[in-house]
Amino acid sequence: MAKIPGPKILAALGLTMGLALTTAACAQAPAVSTEPNDYGKTETWLCLPGRKDACAVDQTTTIVQADGKTSVEAFKAAADPAYDCFYIYPTVSTDPGGNSDLVIDEAERRVVEQQLARFAAKCRVFAPMYRQVTLAALRAVMMGQPSPGNGPLAYGDVRDAWRWYLANENKGRGVVLIGHSQGSRMLLDLLKNEVDGKLSQAKLISAYVLGMNTPVDAAGKFGSIPLCAKADQAGCIVTYVSFRETAPPPANSRFGKTDDQGRRAGCVNPAALLAGKASTEDVPVQAYLSSKGFLSSGDPKPFAKGLTVSTPFVALPGLISARCVSEGDFTYLSVKVNADPADPRTDEITGDILVGGQPLKDWGLHLIDVNLEMGDLVALVDRQAKTYAGR
């Protein structure tokens, strides 16, 4: 019988150093209101343009070259960006019930530091709070119990935030949709119900559906929205789930698998698009790895011999490469560490979810899906925005 990840492991799945959770807490938790949220209130937003909030965080990066030489890359948000990014965060809530409240906790702050704040160099960032299905609810499901979470409630919040944004903030601007894990599941529903074939589709620069299976037909489309095939393309989808080249998805993997209608999971490698290559070709990725590491993935390995890192992020040019692979029922981003024992840099990266010191292979590198290609995603979004503006 497979081991059920404990509370701290589940916190790690959401990229947060969370509180301990128990399924009993779900029953004891106060009921979360099901009344519609008012997204005209600023407190219902994790990130909004023009204010010092969870997205106004340090993104300074130590760059470590193959010869061990280091430099520091500063970060600056764009002063007057021409387009917007609308982000839905993954499962991070450490609230005790089946659905989270709308109070901004450290869990939500931590995830936008890792997955969204760097996009502020190119776009205005919007991130609504939503009553997501919590880590406690996820644990109940993984223990074979009914979920106490209300998925339609979570999606309703995302939909309402999107509608409020369109009515009050968009003002004809192009927009990039970004999500990860549960956030990407919300985006798929949003694309299906509120974008595809609707007036708002004309505003779509691209959609980044990360860490979630995006079912596409034989033509590589989700509804009428195609997967991105080149960097200078707008109105398309970038999507992938990541696994180590040395540990491809096992048969029981929840990620990358063909759905019950025979549609394959989409895979687009942003780094390959930027290099003018097919997503199936192996190319270096611009990863921004957390210098702090993630709970349950083990302590971060030293990035280089004798190196002390004081910045929040580390980049290791050329160390990591990736390509999209389609084997059997699975389609995924295969991640390779180009280890060289002769140079001072690490020969391995941290990113697996560990239980009893062993990786959960069915989760792959879910913890760092976004970190692995962060630099490529930020560069690609700007290329796509230029294409969108020129249409």
# chains A, B, ... in the order shown; residues from 1 in each chain; ligands from 1
>>> closest_atom_pairs(of="segment 51-115 of chain A", to="segment 333-342 of chain A", cutoff="12 Å", atoms="only C-alpha atoms", output="tab-separated table")
residue	atom	partner	partner_atom	distance
A:Ala66	CA	A:Asp340	CA	8.8
A:Asp67	CA	A:Ala342	CA	9.4
A:Gly68	CA	A:Ala342	CA	11.0
>>> residues_around(residues="Val125 of chain A", least_positions_apart="3", cutoff="9 Å", atoms="only C-alpha atoms", output="PyMOL selection string")
chain A and resi 47-49+55+84-87+116-117+119-120
>>> write_last_selection(atoms="C-alpha atoms", output="PDB file, in the first residue's frame")
ATOM      1  CA  CYS A  47      -1.518  41.196  -5.425  1.00  0.00           C
ATOM      2  CA  LEU A  48      -2.716  44.366  -7.126  1.00  0.00           C
ATOM      3  CA  PRO A  49      -0.762  46.910  -9.181  1.00  0.00           C
ATOM      4  CA  CYS A  55       4.302  40.605  -4.911  1.00  0.00           C
ATOM      5  CA  ASP A  84      -1.364  42.398 -17.423  1.00  0.00           C
ATOM      6  CA  CYS A  85      -0.742  39.031 -15.759  1.00  0.00           C
ATOM      7  CA  PHE A  86      -3.630  37.348 -13.923  1.00  0.00           C
ATOM      8  CA  TYR A  87      -2.458  34.558 -11.601  1.00  0.00           C
ATOM      9  CA  LEU A 116       4.564  35.354  -9.685  1.00  0.00           C
ATOM     10  CA  ALA A 117       6.613  38.292  -8.410  1.00  0.00           C
ATOM     11  CA  PHE A 119       6.616  38.575 -13.824  1.00  0.00           C
ATOM     12  CA  ALA A 120       6.261  42.118 -12.459  1.00  0.00           C
TER      13      ALA A 120
END
>>> residues_around(residues="Ile368 of chain A", least_positions_apart="2", cutoff="12 Å", atoms="only C-alpha atoms", output="NGL selection string")
:A and (12-16 or 90 or 111 or 114-115 or 180-181 or 210-211 or 240-244 or 287-290 or 293-295 or 297 or 335 or 349-353 or 363-366 or 370-374)
>>> select_by_dssp(residues="segment 27-271 of chain A", states="alpha helix (DSSP H)", output="ChimeraX atom specification")
/A:27-28,106-115,135-142,151-165,182-190,270-271
>>> select_by_dssp(residues="segment 82-278 of chain A", states="strand (DSSP E or B)", output="count of residues only")
43
>>> closest_residue(among="A:Ser310, A:Thr346, A:Asn252, A:Ser184", to="Tyr89 of chain A", atoms="only C-alpha atoms")
A:Ser184
>>> closest_residue(among="A:Glu106, A:Glu348, A:Glu73, A:Glu194", to="Pro302 of chain A", atoms="only C-alpha atoms")
A:Glu348
>>> atom_distance(atom1="atom CA of Gln182 of chain A", atom2="atom CA of Ala278 of chain A")
27.8 Å
>>> closest_residue(among="A:Asn213, A:Thr34, A:Ser206, A:Gln65", to="Gln132 of chain A", atoms="only C-alpha atoms")
A:Thr34
>>> atom_distance(atom1="atom CA of Arg110 of chain A", atom2="atom CA of Val238 of chain A")
23.5 Å
>>> atom_distance(atom1="atom CA of Asp282 of chain A", atom2="atom CA of Ala322 of chain A")
5.2 Å
>>> residues_around(residues="Asn37 of chain A", least_positions_apart="5", cutoff="9 Å", atoms="only C-alpha atoms", output="list in words")
Thr44, Tyr130, Asp157, Asp160 and Ala161 of chain A
>>> write_last_selection(atoms="C-alpha atoms", output="compact mmCIF listing (two decimals), in the first residue's frame")
# COMPACT_ATOMS: atom_id res chain seq x y z
CA THR A 44 -9.68 40.19 -1.45
CA TYR A 130 -9.99 32.53 -3.48
CA ASP A 157 -14.31 32.97 -6.75
CA ASP A 160 -15.87 36.39 -10.15
CA ALA A 161 -12.38 37.86 -9.77
>>> residues_around(residues="segment 188-193 of chain A", least_positions_apart="6", cutoff="12 Å", atoms="only C-alpha atoms", output="NGL selection string")
:A and (86-88 or 151-152 or 154-163 or 176-182 or 199-201 or 204 or 206-216 or 221-226 or 235-239)
>>> write_last_selection(atoms="N, CA and C atoms", output="short mmCIF file (atom, residue, chain, number, x, y, z; two decimals), in the first residue's frame")
data_model
loop_
_atom_site.label_atom_id
_atom_site.label_comp_id
_atom_site.auth_asym_id
_atom_site.auth_seq_id
_atom_site.Cartn_x
_atom_site.Cartn_y
_atom_site.Cartn_z
N PHE A 86 -2.58 37.73 -14.87
CA PHE A 86 -3.63 37.35 -13.92
C PHE A 86 -3.32 35.94 -13.45
N TYR A 87 -3.04 35.79 -12.15
CA TYR A 87 -2.46 34.56 -11.60
C TYR A 87 -3.36 33.89 -10.58
N ILE A 88 -3.44 32.55 -10.66
CA ILE A 88 -4.17 31.76 -9.67
C ILE A 88 -3.19 30.80 -9.02
N GLY A 151 -15.18 22.36 -4.55
CA GLY A 151 -14.51 22.83 -5.75
C GLY A 151 -15.27 23.92 -6.48
N PRO A 152 -16.59 23.80 -6.67
CA PRO A 152 -17.34 24.87 -7.33
C PRO A 152 -17.25 26.22 -6.61
N ALA A 154 -14.59 27.31 -4.97
CA ALA A 154 -13.28 27.84 -5.35
C ALA A 154 -13.31 28.42 -6.75
N TYR A 155 -13.88 27.67 -7.69
CA TYR A 155 -13.93 28.17 -9.07
C TYR A 155 -14.80 29.42 -9.17
N GLY A 156 -15.90 29.46 -8.43
CA GLY A 156 -16.75 30.64 -8.49
C GLY A 156 -16.01 31.91 -8.11
N ASP A 157 -15.12 31.80 -7.12
CA ASP A 157 -14.31 32.97 -6.75
C ASP A 157 -13.39 33.40 -7.88
N VAL A 158 -12.73 32.43 -8.50
CA VAL A 158 -11.82 32.75 -9.61
C VAL A 158 -12.59 33.40 -10.74
N ARG A 159 -13.73 32.84 -11.07
CA ARG A 159 -14.57 33.42 -12.13
C ARG A 159 -14.98 34.85 -11.79
N ASP A 160 -15.41 35.06 -10.54
CA ASP A 160 -15.87 36.39 -10.15
C ASP A 160 -14.73 37.40 -10.15
N ALA A 161 -13.54 36.97 -9.73
CA ALA A 161 -12.38 37.86 -9.77
C ALA A 161 -12.03 38.23 -11.20
N TRP A 162 -12.09 37.25 -12.09
CA TRP A 162 -11.81 37.50 -13.51
C TRP A 162 -12.82 38.49 -14.10
N ARG A 163 -14.07 38.29 -13.80
CA ARG A 163 -15.10 39.20 -14.32
C ARG A 163 -14.92 40.60 -13.77
N VAL A 176 -2.19 37.95 -19.73
CA VAL A 176 -1.64 36.59 -19.66
C VAL A 176 -2.24 35.91 -18.44
N LEU A 177 -2.79 34.74 -18.62
CA LEU A 177 -3.31 33.95 -17.51
C LEU A 177 -2.22 32.99 -17.05
N ILE A 178 -1.98 32.92 -15.73
CA ILE A 178 -0.92 32.09 -15.18
C ILE A 178 -1.49 31.30 -14.00
N GLY A 179 -1.17 30.01 -13.96
CA GLY A 179 -1.60 29.20 -12.83
C GLY A 179 -0.68 28.02 -12.62
N HIS A 180 -0.79 27.40 -11.46
CA HIS A 180 -0.02 26.19 -11.17
C HIS A 180 -0.88 25.26 -10.33
N SER A 181 -0.86 23.96 -10.65
CA SER A 181 -1.54 22.92 -9.88
C SER A 181 -3.03 23.24 -9.75
N GLN A 182 -3.58 23.36 -8.54
CA GLN A 182 -5.00 23.69 -8.41
C GLN A 182 -5.32 24.98 -9.15
N LEU A 199 -15.89 37.12 -25.89
CA LEU A 199 -15.23 38.36 -26.26
C LEU A 199 -13.86 38.49 -25.61
N SER A 200 -13.72 37.95 -24.41
CA SER A 200 -12.45 38.09 -23.70
C SER A 200 -11.32 37.31 -24.37
N GLN A 201 -11.63 36.38 -25.28
CA GLN A 201 -10.56 35.64 -25.95
C GLN A 201 -9.68 36.58 -26.77
N LEU A 204 -6.62 37.71 -24.86
CA LEU A 204 -5.69 36.71 -24.37
C LEU A 204 -4.35 36.75 -25.11
N SER A 206 -1.69 34.97 -23.82
CA SER A 206 -1.37 33.55 -23.70
C SER A 206 -1.87 33.06 -22.36
N ALA A 207 -1.89 31.74 -22.19
CA ALA A 207 -2.26 31.14 -20.92
C ALA A 207 -1.16 30.17 -20.52
N TYR A 208 -0.65 30.30 -19.31
CA TYR A 208 0.40 29.43 -18.79
C TYR A 208 -0.23 28.49 -17.77
N VAL A 209 -0.57 27.29 -18.23
CA VAL A 209 -1.26 26.29 -17.41
C VAL A 209 -0.20 25.28 -16.96
N LEU A 210 0.42 25.53 -15.81
CA LEU A 210 1.62 24.82 -15.39
C LEU A 210 1.31 23.82 -14.27
N GLY A 211 2.02 22.68 -14.31
CA GLY A 211 1.84 21.69 -13.27
C GLY A 211 0.47 21.05 -13.26
N MET A 212 -0.17 20.96 -14.41
CA MET A 212 -1.50 20.36 -14.51
C MET A 212 -1.68 19.81 -15.91
N ASN A 213 -2.39 18.69 -16.03
CA ASN A 213 -2.65 18.10 -17.33
C ASN A 213 -3.63 18.98 -18.12
N THR A 214 -3.20 19.45 -19.28
CA THR A 214 -4.09 20.19 -20.18
C THR A 214 -4.47 19.25 -21.32
N PRO A 215 -5.71 18.74 -21.34
CA PRO A 215 -6.08 17.78 -22.37
C PRO A 215 -6.26 18.45 -23.72
N VAL A 216 -5.52 17.99 -24.72
CA VAL A 216 -5.60 18.58 -26.05
C VAL A 216 -6.00 17.51 -27.06
N LYS A 221 -5.14 21.24 -29.63
CA LYS A 221 -5.95 22.37 -29.17
C LYS A 221 -6.75 22.00 -27.93
N PHE A 222 -6.94 22.99 -27.06
CA PHE A 222 -7.85 22.91 -25.94
C PHE A 222 -9.06 23.76 -26.33
N GLY A 223 -10.14 23.12 -26.76
CA GLY A 223 -11.23 23.86 -27.37
C GLY A 223 -10.73 24.46 -28.67
N SER A 224 -10.84 25.78 -28.80
CA SER A 224 -10.31 26.45 -29.99
C SER A 224 -8.93 27.06 -29.76
N ILE A 225 -8.39 26.88 -28.54
CA ILE A 225 -7.13 27.54 -28.19
C ILE A 225 -5.97 26.57 -28.41
N PRO A 226 -5.02 26.91 -29.30
CA PRO A 226 -3.93 25.98 -29.60
C PRO A 226 -2.80 26.04 -28.59
N GLY A 235 -2.28 34.24 -28.13
CA GLY A 235 -3.56 33.56 -28.08
C GLY A 235 -3.45 32.06 -27.93
N CYS A 236 -2.37 31.58 -27.33
CA CYS A 236 -2.11 30.15 -27.24
C CYS A 236 -1.79 29.74 -25.80
N ILE A 237 -1.56 28.44 -25.61
CA ILE A 237 -1.35 27.87 -24.27
C ILE A 237 0.05 27.30 -24.14
N VAL A 238 0.71 27.63 -23.03
CA VAL A 238 1.95 26.98 -22.60
C VAL A 238 1.61 26.09 -21.42
N THR A 239 1.95 24.82 -21.49
CA THR A 239 1.60 23.89 -20.42
C THR A 239 2.63 22.77 -20.33
#
>>> closest_residue(among="A:Thr42, A:Thr387, A:Thr62, A:Thr331", to="Phe303 of chain A", atoms="only C-alpha atoms")
A:Thr62
>>> residues_around(residues="Pro312 of chain A", least_positions_apart="4", cutoff="8 Å", atoms="only C-alpha atoms", output="PyMOL selection string")
chain A and resi 58-61+290-292
